>>> print(open('final_31.txt').read())   # compact mmCIF, C-alpha atoms and all ligand atoms
# COMPACT_ATOMS: atom_id res chain seq x y z
CA MET B 19 119.07 90.20 20.39
CA SER B 20 116.91 87.97 22.50
CA LEU B 21 114.69 88.32 25.54
CA GLU B 22 117.51 86.80 27.60
CA ASP B 23 119.74 89.73 26.61
CA TYR B 24 117.06 91.91 28.13
CA GLY B 25 117.00 89.93 31.38
CA TRP B 26 114.39 87.25 30.71
CA ASP B 27 115.04 83.99 32.60
CA GLU B 28 113.26 81.01 34.17
CA THR B 29 112.04 83.04 37.14
CA TRP B 30 110.23 85.38 34.76
CA ALA B 31 108.90 82.44 32.76
CA GLU B 32 107.38 81.09 35.97
CA LYS B 33 105.86 84.45 36.82
CA LEU B 34 104.39 84.55 33.32
CA ALA B 35 102.87 81.06 33.73
CA GLN B 36 101.21 82.20 36.96
CA ALA B 37 99.95 85.52 35.59
CA GLU B 38 96.23 86.22 35.79
CA ASP B 39 96.09 87.03 32.09
CA ASN B 40 98.98 85.53 30.12
CA ARG B 41 97.52 85.46 26.65
CA GLY B 42 100.23 86.97 24.50
CA ILE B 43 103.99 87.31 24.54
CA PRO B 44 106.40 88.71 27.13
CA ALA B 45 108.11 92.04 26.47
CA ARG B 46 110.14 94.58 28.44
CA VAL B 47 109.13 98.21 28.85
CA ILE B 48 111.89 100.41 27.38
CA SER B 49 110.23 103.79 27.87
CA ALA B 50 106.97 105.25 29.13
CA HIS B 51 105.50 108.59 28.19
CA ARG B 52 102.09 109.36 29.69
CA SER B 53 100.02 106.43 28.42
CA GLU B 54 102.34 105.58 25.51
CA TYR B 55 104.85 102.79 25.95
CA LYS B 56 107.73 101.37 23.96
CA VAL B 57 108.35 97.69 24.66
CA HIS B 58 110.92 95.20 23.40
CA THR B 59 109.75 91.75 22.36
CA GLY B 60 113.11 90.02 21.86
CA GLU B 61 112.94 90.80 18.18
CA THR B 62 111.99 94.42 17.94
CA ASP B 63 110.73 97.54 19.70
CA ILE B 64 106.99 98.19 19.38
CA SER B 65 104.57 100.87 20.57
CA ALA B 66 102.06 99.74 23.16
CA LYS B 67 99.19 100.88 25.34
CA ALA B 68 98.01 99.51 28.65
CA ALA B 69 94.80 97.49 28.48
CA GLY B 70 91.70 99.20 29.84
CA ARG B 71 91.50 96.49 32.48
CA LEU B 72 94.69 97.86 34.10
CA TYR B 73 92.91 101.18 34.63
CA HIS B 74 89.94 99.49 36.19
CA ALA B 75 89.20 100.19 39.85
CA PRO B 76 90.52 99.43 42.43
CA PHE B 77 93.40 101.10 40.75
CA ARG B 78 96.79 102.28 41.93
CA GLN B 79 99.04 104.28 39.71
CA THR B 80 102.08 102.34 40.95
CA GLU B 81 100.59 99.23 39.35
CA LEU B 82 100.65 100.66 35.84
CA PRO B 83 103.53 99.53 33.60
CA ALA B 84 106.80 101.43 34.25
CA VAL B 85 110.23 101.50 32.62
CA GLY B 86 111.92 98.16 33.30
CA ASP B 87 108.74 96.15 33.75
CA TRP B 88 108.15 92.77 32.17
CA VAL B 89 104.71 92.81 30.62
CA VAL B 90 102.44 90.59 28.56
CA VAL B 91 101.46 92.09 25.20
CA ASP B 92 98.81 90.86 22.87
CA ASP B 93 97.09 91.92 19.61
CA THR B 94 96.91 95.51 18.51
CA ASP B 95 94.24 98.15 18.87
CA VAL B 96 92.78 100.32 16.09
CA SER B 97 95.74 102.71 16.23
CA GLY B 98 98.09 99.80 15.56
CA LYS B 99 99.46 99.68 19.09
CA ALA B 100 100.08 96.46 20.99
CA ILE B 101 98.05 96.01 24.16
CA ILE B 102 99.78 95.47 27.50
CA ARG B 103 97.58 92.87 29.23
CA GLY B 104 99.42 92.77 32.53
CA VAL B 105 102.58 93.52 34.48
CA LEU B 106 104.60 90.64 35.94
CA PRO B 107 105.43 90.99 39.67
CA ARG B 108 108.53 93.19 40.04
CA LYS B 109 111.80 92.04 41.57
CA SER B 110 112.82 95.59 42.47
CA THR B 111 111.04 98.94 42.41
CA PHE B 112 112.74 102.29 42.51
CA SER B 113 110.21 104.93 43.47
CA ARG B 114 110.01 108.27 45.16
CA LYS B 115 107.36 110.11 47.03
CA VAL B 116 106.09 113.08 45.11
CA ALA B 117 105.59 116.00 47.44
CA GLY B 118 102.69 118.42 47.17
CA LYS B 119 98.94 118.22 47.21
CA ASN B 120 98.67 115.01 45.22
CA SER B 121 101.21 113.42 47.54
CA ASN B 122 101.91 110.23 45.75
CA GLU B 123 104.36 107.48 45.06
CA GLN B 124 105.95 107.65 41.64
CA VAL B 125 107.62 104.56 40.20
CA MET B 126 110.77 105.63 38.38
CA ALA B 127 112.17 102.28 37.27
CA THR B 128 111.70 98.61 38.02
CA ASN B 129 113.64 95.36 37.90
CA LEU B 130 117.03 97.02 38.26
CA ASP B 131 119.98 94.84 39.22
CA THR B 132 122.44 97.62 39.93
CA VAL B 133 122.29 101.37 40.38
CA TRP B 134 125.33 103.47 39.61
CA ILE B 135 125.17 106.48 41.89
CA VAL B 136 127.19 109.07 40.00
CA SER B 137 128.84 112.12 41.52
CA THR B 138 131.93 114.14 40.65
CA PHE B 139 134.88 115.05 42.84
CA GLY B 140 133.99 118.74 42.67
CA THR B 141 131.37 120.77 44.46
CA ASP B 142 128.75 118.13 43.72
CA LEU B 143 130.44 115.66 46.06
CA ASN B 144 128.44 115.34 49.25
CA PRO B 145 128.74 112.27 51.49
CA ALA B 146 125.36 112.86 53.15
CA ARG B 147 123.66 112.85 49.76
CA LEU B 148 125.53 109.72 48.69
CA GLU B 149 124.29 108.04 51.85
CA ARG B 150 120.75 109.08 51.01
CA TYR B 151 121.02 107.66 47.49
CA VAL B 152 122.50 104.41 48.81
CA ALA B 153 119.59 104.04 51.24
CA LEU B 154 117.05 104.60 48.45
CA VAL B 155 118.75 102.05 46.19
CA VAL B 156 118.98 99.40 48.89
CA GLU B 157 115.33 99.98 49.73
CA SER B 158 114.43 99.47 46.06
CA GLY B 159 115.98 96.00 46.04
CA ALA B 160 118.90 96.82 43.73
CA ARG B 161 122.64 96.85 44.43
CA PRO B 162 124.27 100.28 44.87
CA VAL B 163 127.66 101.24 43.38
CA ILE B 164 129.19 104.68 43.84
CA ILE B 165 130.95 106.28 40.86
CA LEU B 166 133.06 109.39 41.28
CA ALA B 167 133.29 110.74 37.76
CA LYS B 168 135.49 113.31 36.01
CA ALA B 169 138.52 112.02 37.92
CA ASP B 170 140.69 113.89 35.41
CA LEU B 171 139.67 117.14 37.11
CA GLU B 172 140.92 116.03 40.54
CA GLU B 173 144.59 115.65 41.41
CA LEU B 174 144.33 113.63 44.60
CA THR B 175 141.47 111.16 44.35
CA GLU B 176 142.68 108.52 46.84
CA PRO B 177 142.14 110.39 50.14
CA ILE B 178 138.69 111.48 49.00
CA ILE B 179 137.67 107.93 48.11
CA GLU B 180 139.04 106.66 51.42
CA SER B 181 137.09 109.15 53.49
CA ILE B 182 133.85 108.31 51.72
CA GLN B 183 134.54 104.58 51.96
CA GLU B 184 134.99 105.00 55.69
CA ARG B 185 131.58 106.57 55.96
CA ILE B 186 129.88 104.14 53.55
CA PRO B 187 131.85 100.92 54.09
CA ASN B 188 129.83 98.29 52.23
CA VAL B 189 129.38 99.95 48.87
CA PRO B 190 132.04 99.75 46.14
CA ILE B 191 133.41 103.14 45.06
CA TYR B 192 135.17 103.75 41.75
CA ALA B 193 136.89 106.83 40.37
CA VAL B 194 136.45 107.08 36.62
CA SER B 195 137.06 109.52 33.83
CA ALA B 196 135.26 109.23 30.52
CA LYS B 197 137.52 111.94 29.16
CA ALA B 198 140.85 110.37 30.16
CA GLN B 199 139.38 106.85 29.77
CA THR B 200 140.48 105.73 33.22
CA GLY B 201 138.77 103.43 35.72
CA LEU B 202 136.11 102.40 33.22
CA ASN B 203 137.14 98.75 33.22
CA ASN B 204 136.04 98.51 36.86
CA LEU B 205 132.51 99.20 35.71
CA SER B 206 132.49 96.55 32.98
CA GLN B 207 132.05 93.82 35.60
CA TYR B 208 128.47 95.03 36.14
CA ILE B 209 127.60 94.95 32.46
CA ALA B 210 126.47 91.55 31.23
CA PRO B 211 123.66 90.11 29.13
CA GLY B 212 120.43 90.35 31.09
CA GLN B 213 121.76 92.84 33.64
CA THR B 214 119.94 96.14 34.08
CA ILE B 215 121.79 99.14 35.47
CA ALA B 216 120.37 102.59 36.13
CA LEU B 217 122.47 105.74 36.50
CA LEU B 218 121.42 108.28 39.10
CA GLY B 219 122.94 111.60 40.06
CA SER B 220 122.76 115.34 39.72
CA SER B 221 122.59 117.03 36.34
CA GLY B 222 125.97 117.50 34.68
CA VAL B 223 127.93 114.80 36.52
CA GLY B 224 128.41 112.87 33.27
CA LYS B 225 125.79 110.09 33.31
CA SER B 226 124.98 110.25 29.59
CA THR B 227 128.67 110.56 28.74
CA LEU B 228 129.35 107.30 30.61
CA ILE B 229 126.56 105.54 28.75
CA ASN B 230 127.90 106.79 25.42
CA HIS B 231 131.25 105.26 26.34
CA PHE B 232 129.71 101.82 26.81
CA VAL B 233 127.47 102.16 23.76
CA GLY B 234 130.55 103.00 21.73
CA HIS B 235 129.22 106.13 20.02
CA GLU B 236 127.52 109.43 20.81
CA LEU B 237 124.02 108.00 21.13
CA LEU B 238 122.88 110.37 23.87
CA HIS B 239 122.99 114.12 23.90
CA THR B 240 125.35 115.64 26.48
CA ALA B 241 126.01 119.27 27.34
CA LYS B 242 128.65 121.41 29.02
CA VAL B 243 127.96 122.41 32.60
CA ARG B 244 127.32 126.09 33.33
CA GLU B 245 130.53 128.02 33.71
CA LYS B 246 129.51 130.19 36.62
CA ASP B 247 128.57 127.44 39.10
CA GLY B 248 129.45 124.13 37.44
CA LYS B 249 125.82 122.99 37.54
CA GLY B 250 124.36 120.84 34.76
CA ARG B 251 121.67 121.97 32.34
CA HIS B 252 119.24 119.07 32.76
CA THR B 253 120.13 117.81 29.30
CA THR B 254 118.53 114.37 29.66
CA THR B 255 114.79 114.79 30.11
CA HIS B 256 113.37 111.29 30.03
CA ARG B 257 114.23 107.77 31.11
CA GLU B 258 114.97 105.12 28.54
CA LEU B 259 116.56 101.68 28.68
CA ILE B 260 119.50 101.46 26.31
CA PHE B 261 120.63 98.13 24.93
CA LEU B 262 124.40 97.64 24.86
CA PRO B 263 126.26 95.86 22.05
CA THR B 264 127.82 93.62 24.75
CA GLY B 265 124.37 92.69 26.08
CA GLY B 266 122.83 94.26 29.14
CA LEU B 267 120.88 97.48 29.58
CA LEU B 268 121.71 100.92 30.90
CA LEU B 269 119.00 103.33 32.02
CA ASP B 270 119.76 107.02 31.56
CA THR B 271 117.85 109.30 33.90
CA PRO B 272 117.48 113.06 34.21
CA GLY B 273 119.48 114.67 37.03
CA MET B 274 117.24 114.51 40.05
CA ARG B 275 116.35 117.82 41.61
CA GLU B 276 114.14 116.37 44.28
CA LEU B 277 116.89 114.31 45.83
CA GLN B 278 119.14 117.33 45.86
CA LEU B 279 116.42 119.15 47.66
CA TRP B 280 115.97 116.57 50.39
CA GLN B 281 119.68 116.57 50.90
CA GLN B 282 119.69 120.35 51.36
CA ASP B 283 116.87 120.01 53.81
CA ASP B 284 119.02 117.62 55.77
CA ASN B 285 121.91 120.00 55.72
CA LEU B 286 119.76 122.79 57.03
CA ASP B 287 119.00 120.60 60.03
CA LYS B 288 122.61 119.66 60.58
CA SER B 289 124.33 122.97 60.03
CA PHE B 290 121.87 124.89 62.18
CA SER B 291 121.45 122.40 65.00
CA ASP B 292 122.15 125.17 67.55
CA ILE B 293 119.04 127.00 66.31
CA ASP B 294 117.05 123.76 66.41
CA ASP B 295 118.07 123.31 70.03
CA ILE B 296 116.79 126.78 70.90
CA ALA B 297 113.61 126.26 68.87
CA VAL B 298 112.57 123.41 71.16
CA GLU B 299 111.62 126.15 73.61
CA CYS B 300 109.32 127.99 71.16
CA ARG B 301 105.70 128.07 72.27
CA PHE B 302 104.44 126.63 68.97
CA SER B 303 105.99 123.44 67.70
CA ASP B 304 105.67 124.64 64.08
CA CYS B 305 107.03 128.09 64.92
CA SER B 306 108.57 129.82 61.88
CA HIS B 307 110.59 132.17 64.11
CA GLU B 308 109.21 135.18 62.28
CA THR B 309 106.48 136.87 64.28
CA GLU B 310 105.04 134.22 66.58
CA PRO B 311 104.58 135.05 70.27
CA GLY B 312 106.74 133.04 72.64
CA CYS B 313 109.45 132.45 70.01
CA ALA B 314 112.62 131.36 71.80
CA VAL B 315 114.80 131.95 68.73
CA ILE B 316 113.83 135.61 68.38
CA ALA B 317 114.28 136.01 72.13
CA SER B 318 117.81 134.57 71.80
CA VAL B 319 118.68 137.06 69.10
CA GLU B 320 117.30 139.89 71.20
CA SER B 321 119.28 138.83 74.26
CA GLY B 322 122.44 138.47 72.14
CA ASP B 323 122.83 134.73 72.84
CA LEU B 324 122.37 134.01 69.14
CA SER B 325 124.16 136.24 66.67
CA GLU B 326 121.94 138.17 64.35
CA GLU B 327 124.15 137.27 61.39
CA ARG B 328 123.74 133.57 62.03
CA PHE B 329 120.01 133.91 62.37
CA ASN B 330 119.88 135.83 59.07
CA ASN B 331 121.85 133.11 57.29
CA TYR B 332 119.41 130.56 58.63
CA ARG B 333 116.43 132.54 57.38
CA LYS B 334 118.02 133.06 54.00
CA LEU B 335 118.63 129.35 53.46
CA LYS B 336 115.17 128.49 54.71
CA LYS B 337 113.61 130.94 52.27
CA GLU B 338 115.57 129.44 49.38
CA LEU B 339 114.42 125.97 50.36
CA THR B 340 110.78 127.00 50.55
CA TYR B 341 111.09 128.56 47.11
CA LEU B 342 112.74 125.44 45.68
CA GLU B 343 110.12 123.23 47.27
CA ARG B 344 107.32 125.22 45.69
CA LYS B 345 109.01 125.04 42.32
CA VAL B 346 109.45 121.27 42.52
CA ASP B 347 105.92 120.79 43.81
CA ALA B 348 104.50 122.84 40.96
CA GLY B 349 106.41 120.77 38.42
CA ALA B 350 105.47 117.48 40.05
CA GLU B 351 101.87 118.53 40.26
CA ARG B 352 101.74 119.53 36.62
CA ALA B 353 103.24 116.19 35.53
CA GLU B 354 100.83 114.41 37.83
CA LYS B 355 97.84 116.25 36.37
CA GLU B 356 98.87 115.44 32.81
CA ARG B 357 99.27 111.82 33.75
CA TRP B 358 95.90 111.66 35.43
CA ARG B 359 94.22 113.29 32.46
CA ALA B 360 95.62 110.51 30.25
CA VAL B 361 94.59 107.90 32.79
CA SER B 362 91.01 109.14 33.09
CA LYS B 363 90.71 109.24 29.33
CA GLU B 364 91.70 105.56 29.26
CA GLN B 365 89.24 104.80 32.05
CA ARG B 366 86.40 106.53 30.21
CA ARG B 367 87.26 104.70 27.01
CA TYR B 368 87.29 101.42 28.89
CA SER B 369 83.94 101.89 30.61
CA GLN B 370 82.36 103.03 27.34
CA GLU B 371 83.60 99.97 25.45
CA HIS B 372 82.40 97.84 28.31
CA LYS B 373 78.93 99.35 28.26
CA GLY B 374 78.76 98.73 24.52
CA LYS B 375 79.58 95.07 25.00
CA LYS B 376 76.96 94.53 27.67
CA GLN B 377 74.17 95.94 25.48
CA ARG B 378 75.04 93.68 22.63
N1 LIG B 401 136.48 116.71 32.35
C1 LIG B 401 135.52 115.80 32.19
N2 LIG B 401 134.32 116.17 31.72
C2 LIG B 401 133.37 115.22 31.56
C3 LIG B 401 133.61 113.86 31.85
N3 LIG B 401 132.48 113.16 31.63
C4 LIG B 401 131.56 114.06 31.20
N4 LIG B 401 132.10 115.30 31.14
C5 LIG B 401 131.41 116.53 30.69
O1 LIG B 401 130.42 116.92 31.61
C6 LIG B 401 129.33 117.55 30.92
C7 LIG B 401 128.00 116.94 31.35
O2 LIG B 401 127.95 115.59 30.93
P1 LIG B 401 126.55 114.81 30.69
O3 LIG B 401 126.93 113.42 30.32
O4 LIG B 401 125.69 115.57 29.75
O5 LIG B 401 125.92 114.86 32.15
P2 LIG B 401 124.55 114.18 32.68
O6 LIG B 401 124.85 113.63 34.03
O7 LIG B 401 124.01 113.25 31.67
O8 LIG B 401 123.61 115.46 32.86
P3 LIG B 401 121.98 115.56 32.76
O9 LIG B 401 121.55 114.86 31.51
O10 LIG B 401 121.74 117.04 32.70
O11 LIG B 401 121.42 114.95 34.02
C8 LIG B 401 129.65 117.39 29.43
O12 LIG B 401 130.19 118.60 28.94
C9 LIG B 401 130.66 116.27 29.39
O13 LIG B 401 131.53 116.38 28.29
C10 LIG B 401 134.91 113.50 32.33
O14 LIG B 401 135.24 112.33 32.61
N5 LIG B 401 135.82 114.51 32.48
MG MG B 402 122.24 113.22 30.66
ZN ZN B 403 110.27 130.27 67.15
>>> encode(input="final_31.txt", output="structure tokens", more="lines below")
Ligand SMILES: Nc1nc2c(ncn2[C@@H]2O[C@H](COP(=O)(O)OP(=O)(O)OP(=O)(O)O)[C@@H](O)[C@H]2O)c(=O)[nH]1
Ligand SMILES: [Mg+2]
Ligand SMILES: [Zn+2]
Amino acid sequence: MSLEDYGWDETWAEKLAQAEDNRGIPARVISAHRSEYKVHTGETDISAKAAGRLYHAPFRQTELPAVGDWVVVDDTDVSGKAIIRGVLPRKSTFSRKVAGKNSNEQVMATNLDTVWIVSTFGTDLNPARLERYVALVVESGARPVIILAKADLEELTEPIIESIQERIPNVPIYAVSAKAQTGLNNLSQYIAPGQTIALLGSSGVGKSTLINHFVGHELLHTAKVREKDGKGRHTTTHRELIFLPTGGLLLDTPGMRELQLWQQDDNLDKSFSDIDDIAVECRFSDCSHETEPGCAVIASVESGDLSEERFNNYRKLKKELTYLERKVDAGAERAEKERWRAVSKEQRRYSQEHKGKKQR
């Protein structure tokens, strides 16, 4: 194992030479949990903490070390942890906006070369969602690849692939089956020393199973999807870079609920565009079509232009979405609060140490 296996090259060496604070050695962030990091130094994995300076104002959470970052580590603190002195400028950043009160950008992974967007042929397959993922990946600076997994469960894969390829022409699409061991060789071309690949997709599509295939043993926990609706159980709960025996890194991620949610939001717009057209006439632009005066949608139902059944379906879906949104927001907010608690603790510690030094 060397730093090069983990993606280190001359470009990074130059960035290191130009870094504000480059006392120490380069390392790559393998995982991040609140303010605790695991980094790889080319020889071994070590625990690390971010230096107080990184928490010093003006401070943006997106500038803190994230999984995939190249960092400079130096010395150890009293708890025996290495100190992350700084983060080298990223070559790609995959982030998402966290909805809710603390509306915020959350960095999910950095310095990715490729993202495998994983779906299955079954009910999970949704071209609009794939498009959304592709757009996010391209925006991040990484290269998107679409993987349609569990091909053993689908008899006729070709027409499905063709129709998606027509809609998303410039992105390679591969059908694979980890179970039947088919199509996997097509993916090997992306795996090479120094290459970092993240897997994204809904829970239960088989992301961890694919990684286990390339690792060569059952490193990651996987779980059967629910029988009643084929949905996954959110088995993977954190992100971690996994080093492959062939060189190269794979990043397992939890199935993303938020992206599913956006996609549903989109669908609501598309599948009820007739109601949207009517709603343009509502008196209030944010009309909820419940009790507001001057509501054109309710008027349409009353006049019989819009069927009551259709309107009820629309309301039902909208209610579900609102519920889901609240649930996601609550979760995101909780995570955000925990994170900020850890961050403020670090900030307090830093300013206290600093005060101590000045008095001396
Ligand atoms: N038939 C079939 N089943 C598969 C295949 N690949 C994975 N599975 C099964 O699908 C289920 C879910 O797989 P996981 O790898 O845990 O899915 P995941 O995407 O990591 O899910 P989360 O961690 O919840 O996001 C497991 O029971 C796997 O055995 C495949 O190629 N064919
Ligand atoms: Mg998993
Ligand atoms: Zn209305």
>>> closest_residue(input="final_31.txt", among="B:Ala146, B:Val136, B:Ala317, B:Cys305", to="ligand MG 402 (chain B)", atoms="all atoms listed in the file")
B:Val136
>>> residues_near_ligand(input="final_31.txt", ligand="ligand LIG 401 (chain B)", cutoff="9 Å", atoms="all atoms listed in the file", output="PyMOL selection string")
chain B and resi 136-138+167-171+194-200+217-230+238-243+249-255+270-274
>>> residues_around(input="final_31.txt", residues="Ala37 of chain B", least_positions_apart="2", cutoff="12 Å", atoms="all atoms listed in the file", output="list in words")
Trp30, Ala31, Glu32, Lys33, Leu34, Ala35, Asp39, Asn40, Arg41, Gly42, Ile43, Pro44, Trp88, Val89, Val90, Arg103, Gly104, Val105, Leu106 and Pro107 of chain B
>>> atom_distance(input="final_31.txt", atom1="atom CA of Leu148 of chain B", atom2="atom CA of Arg333 of chain B")
26.1 Å
>>> closest_atom_pairs(input="final_31.txt", of="chain B", to="ligand ZN 403 (chain B)", cutoff="10 Å", atoms="all atoms listed in the file", output="CSV")
residue,atom,partner,partner_atom,distance
B:Ile293,CA,B:ZN403,ZN,9.4
B:Asp294,CA,B:ZN403,ZN,9.4
B:Ile296,CA,B:ZN403,ZN,8.3
B:Ala297,CA,B:ZN403,ZN,5.5
B:Val298,CA,B:ZN403,ZN,8.3
B:Glu299,CA,B:ZN403,ZN,7.8
B:Cys300,CA,B:ZN403,ZN,4.7
B:Arg301,CA,B:ZN403,ZN,7.2
B:Phe302,CA,B:ZN403,ZN,7.1
B:Ser303,CA,B:ZN403,ZN,8.1
B:Asp304,CA,B:ZN403,ZN,7.9
B:Cys305,CA,B:ZN403,ZN,4.5
B:Ser306,CA,B:ZN403,ZN,5.6
B:His307,CA,B:ZN403,ZN,3.6
B:Glu308,CA,B:ZN403,ZN,7.0
B:Thr309,CA,B:ZN403,ZN,8.1
B:Glu310,CA,B:ZN403,ZN,6.6
B:Pro311,CA,B:ZN403,ZN,8.1
B:Gly312,CA,B:ZN403,ZN,7.1
B:Cys313,CA,B:ZN403,ZN,3.7
B:Ala314,CA,B:ZN403,ZN,5.3
B:Val315,CA,B:ZN403,ZN,5.1
B:Ile316,CA,B:ZN403,ZN,6.5
B:Ala317,CA,B:ZN403,ZN,8.6
B:Ser318,CA,B:ZN403,ZN,9.8
>>> atom_distance(input="final_31.txt", atom1="atom CA of Gln207 of chain B", atom2="atom CA of Val233 of chain B")
15.2 Å
>>> closest_residue(input="final_31.txt", among="B:Asp87, B:Glu258, B:Glu245, B:Asp292", to="ligand MG 402 (chain B)", atoms="only C-alpha atoms and all ligand atoms")
B:Glu258
